[in-house]
file input35.cif (mmCIF, C-alpha atoms and all ligand atoms)
data_entry
#
loop_
_atom_site.group_PDB
_atom_site.id
_atom_site.type_symbol
_atom_site.label_atom_id
_atom_site.label_comp_id
_atom_site.auth_asym_id
_atom_site.auth_seq_id
_atom_site.Cartn_x
_atom_site.Cartn_y
_atom_site.Cartn_z
ATOM 1 C CA MET B 1 17.662 38.970 51.207
ATOM 2 C CA GLU B 2 15.928 41.822 49.421
ATOM 3 C CA ASN B 3 17.828 45.004 48.741
ATOM 4 C CA TRP B 4 15.384 47.932 48.782
ATOM 5 C CA ILE B 5 16.537 51.075 46.980
ATOM 6 C CA LYS B 6 14.743 54.420 47.153
ATOM 7 C CA VAL B 7 14.242 55.541 43.555
ATOM 8 C CA CYS B 8 11.941 58.585 43.675
ATOM 9 C CA GLU B 9 8.988 60.217 45.349
ATOM 10 C CA LEU B 10 5.524 58.881 44.590
ATOM 11 C CA GLU B 11 4.491 62.287 43.246
ATOM 12 C CA ASP B 12 7.308 62.122 40.675
ATOM 13 C CA ILE B 13 5.350 59.474 38.759
ATOM 14 C CA PRO B 14 2.395 60.880 36.804
ATOM 15 C CA GLN B 15 -0.979 59.130 36.932
ATOM 16 C CA LEU B 16 -1.241 56.696 33.991
ATOM 17 C CA GLY B 17 2.323 57.616 33.131
ATOM 18 C CA ALA B 18 5.807 56.415 33.819
ATOM 19 C CA ARG B 19 9.192 57.436 35.075
ATOM 20 C CA VAL B 20 12.434 55.672 34.173
ATOM 21 C CA VAL B 21 15.125 54.970 36.763
ATOM 22 C CA LYS B 22 18.466 53.224 36.494
ATOM 23 C CA GLY B 23 18.576 49.692 37.837
ATOM 24 C CA LYS B 24 21.689 47.597 38.415
ATOM 25 C CA SER B 25 21.902 46.366 34.860
ATOM 26 C CA CYS B 26 18.923 47.878 33.052
ATOM 27 C CA GLU B 27 16.518 50.778 32.929
ATOM 28 C CA ILE B 28 13.392 50.289 35.014
ATOM 29 C CA ALA B 29 10.057 51.859 34.153
ATOM 30 C CA LEU B 30 7.861 52.823 37.101
ATOM 31 C CA PHE B 31 4.188 52.998 36.166
ATOM 32 C CA ARG B 32 1.409 54.550 38.202
ATOM 33 C CA GLU B 33 -2.232 53.644 37.975
ATOM 34 C CA GLY B 34 -4.380 54.912 40.824
ATOM 35 C CA ASP B 35 -2.594 54.131 44.061
ATOM 36 C CA ARG B 36 -0.599 51.297 42.512
ATOM 37 C CA ILE B 37 3.013 51.527 41.364
ATOM 38 C CA TYR B 38 4.530 48.853 39.131
ATOM 39 C CA ALA B 39 8.178 48.402 38.182
ATOM 40 C CA LEU B 40 9.140 46.651 34.951
ATOM 41 C CA HIS B 41 12.259 46.362 32.863
ATOM 42 C CA ASP B 42 11.797 49.168 30.311
ATOM 43 C CA LYS B 43 12.066 46.778 27.400
ATOM 44 C CA CYS B 44 9.263 45.095 25.501
ATOM 45 C CA PRO B 45 9.679 41.307 25.170
ATOM 46 C CA HIS B 46 8.817 41.591 21.471
ATOM 47 C CA LYS B 47 11.580 43.771 19.998
ATOM 48 C CA GLY B 48 12.759 45.846 22.912
ATOM 49 C CA GLY B 49 10.415 48.831 22.614
ATOM 50 C CA PRO B 50 10.458 51.356 25.491
ATOM 51 C CA LEU B 51 7.449 50.385 27.591
ATOM 52 C CA SER B 52 7.768 53.621 29.576
ATOM 53 C CA GLN B 53 6.506 55.457 26.488
ATOM 54 C CA GLY B 54 3.432 53.257 26.167
ATOM 55 C CA ILE B 55 -0.153 53.928 27.181
ATOM 56 C CA VAL B 56 -1.217 52.671 30.627
ATOM 57 C CA SER B 57 -4.755 51.401 31.087
ATOM 58 C CA LYS B 58 -6.511 48.767 33.204
ATOM 59 C CA GLY B 59 -3.386 47.174 34.646
ATOM 60 C CA ARG B 60 -1.495 46.934 31.396
ATOM 61 C CA VAL B 61 0.793 48.997 29.197
ATOM 62 C CA THR B 62 0.632 49.050 25.412
ATOM 63 C CA CYS B 63 4.046 49.042 23.761
ATOM 64 C CA PRO B 64 4.487 52.130 21.553
ATOM 65 C CA LEU B 65 6.237 50.198 18.777
ATOM 66 C CA HIS B 66 3.863 47.435 17.704
ATOM 67 C CA GLY B 67 1.033 47.551 20.225
ATOM 68 C CA MET B 68 1.722 44.487 22.343
ATOM 69 C CA ASN B 69 -0.051 44.655 25.726
ATOM 70 C CA ILE B 70 1.995 43.813 28.802
ATOM 71 C CA GLY B 71 0.489 43.114 32.227
ATOM 72 C CA LEU B 72 1.880 45.558 34.779
ATOM 73 C CA GLU B 73 1.566 43.088 37.633
ATOM 74 C CA ASP B 74 3.486 40.162 36.151
ATOM 75 C CA GLY B 75 5.193 41.579 33.056
ATOM 76 C CA ARG B 76 3.568 38.967 30.821
ATOM 77 C CA ALA B 77 2.290 39.687 27.335
ATOM 78 C CA ILE B 78 -1.488 39.445 27.110
ATOM 79 C CA SER B 79 -2.651 36.466 25.015
ATOM 80 C CA PRO B 80 -2.463 35.802 22.087
ATOM 81 C CA ASP B 81 0.911 37.561 22.313
ATOM 82 C CA GLU B 82 3.720 35.796 24.126
ATOM 83 C CA GLY B 83 6.737 36.859 26.129
ATOM 84 C CA CYS B 84 7.564 38.353 29.473
ATOM 85 C CA THR B 85 9.566 41.261 30.785
ATOM 86 C CA GLU B 86 11.205 41.316 34.203
ATOM 87 C CA THR B 87 9.291 42.863 37.093
ATOM 88 C CA PHE B 88 10.545 44.265 40.392
ATOM 89 C CA SER B 89 8.875 44.425 43.794
ATOM 90 C CA VAL B 90 7.740 47.895 44.833
ATOM 91 C CA ARG B 91 7.212 49.364 48.270
ATOM 92 C CA ILE B 92 5.885 52.825 49.146
ATOM 93 C CA GLU B 93 6.901 54.339 52.439
ATOM 94 C CA GLU B 94 6.120 57.879 53.591
ATOM 95 C CA GLY B 95 5.550 59.023 50.019
ATOM 96 C CA ALA B 96 8.785 57.533 48.690
ATOM 97 C CA VAL B 97 9.037 54.676 46.194
ATOM 98 C CA TYR B 98 11.430 51.799 46.821
ATOM 99 C CA ILE B 99 12.186 48.900 44.513
ATOM 100 C CA SER B 100 13.833 45.620 45.299
ATOM 101 C CA LEU B 101 16.964 44.939 43.253
HETATM 102 S S1 LIG F 1 8.665 46.058 20.428
HETATM 103 FE FE1 LIG F 1 6.925 46.094 21.681
HETATM 104 S S2 LIG F 1 5.338 45.329 20.462
HETATM 105 FE FE2 LIG F 1 7.097 45.222 19.203
#

call {"tool": "encode", "arguments": {"input": "input35.cif", "output": "structure tokens"}}
result
Amino acid sequence: MENWIKVCELEDIPQLGARVVKGKSCEIALFREGDRIYALHDKCPHKGGPLSQGIVSKGRVTCPLHGMNIGLEDGRAISPDEGCTETFSVRIEEGAVYISL
């Protein structure tokens, strides 16, 4: 059974930016692109760079450390890079953002 937790208001997340919230066992980066919100473990699969400080564009975030591109939808590195970071389901209700932990 999913456990939905309210983490912030939608307006707290800047367009093409991120906000970091505390998960159960890790920090979670919430990204906003248009009307979409994505939630990923705030840790690059390469060497742990903070994805929340990366640049968001076209459904992906570029890690600020070495430039790996990570898909916001599935957390997978874009080929030819390899690796994957954990993603979390997101729900928006009455302007509030919930994630499933
Ligand atoms: S730590 Fe993210 S690309 Fe190296």

call {"tool": "resolve_selection", "arguments": {"input": "input35.cif", "expression": "the PyMOL selection byres (((chain B and resi 5) around 6) and not hetatm)", "output": "VMD selection string"}}
result
chain B and resid 4 6 98 to 99

call {"tool": "closest_residue", "arguments": {"input": "input35.cif", "among": "B:Glu93, B:Glu73, B:Glu86, B:Asp81", "to": "ligand LIG 1 (chain F)", "atoms": "only C-alpha atoms and all ligand atoms"}}
result
B:Asp81

call {"tool": "residues_near_ligand", "arguments": {"input": "input35.cif", "ligand": "ligand LIG 1 (chain F)", "cutoff": "6 Å", "atoms": "only C-alpha atoms and all ligand atoms", "output": "PyMOL selection string"}}
result
chain B and resi 44+46-49+63+65-68

call {"tool": "atom_distance", "arguments": {"input": "input35.cif", "atom1": "atom CA of B:Leu30", "atom2": "atom CA of B:Ile78"}}
result
19.1 Å

call {"tool": "atom_distance", "arguments": {"input": "input35.cif", "atom1": "atom CA of B:Arg91", "atom2": "atom CA of B:Ala18"}}
result
16.1 Å

call {"tool": "closest_residue", "arguments": {"input": "input35.cif", "among": "B:Pro80, B:Gly23, B:Pro14, B:Pro64", "to": "B:Ala39", "atoms": "only C-alpha atoms"}}
result
B:Gly23
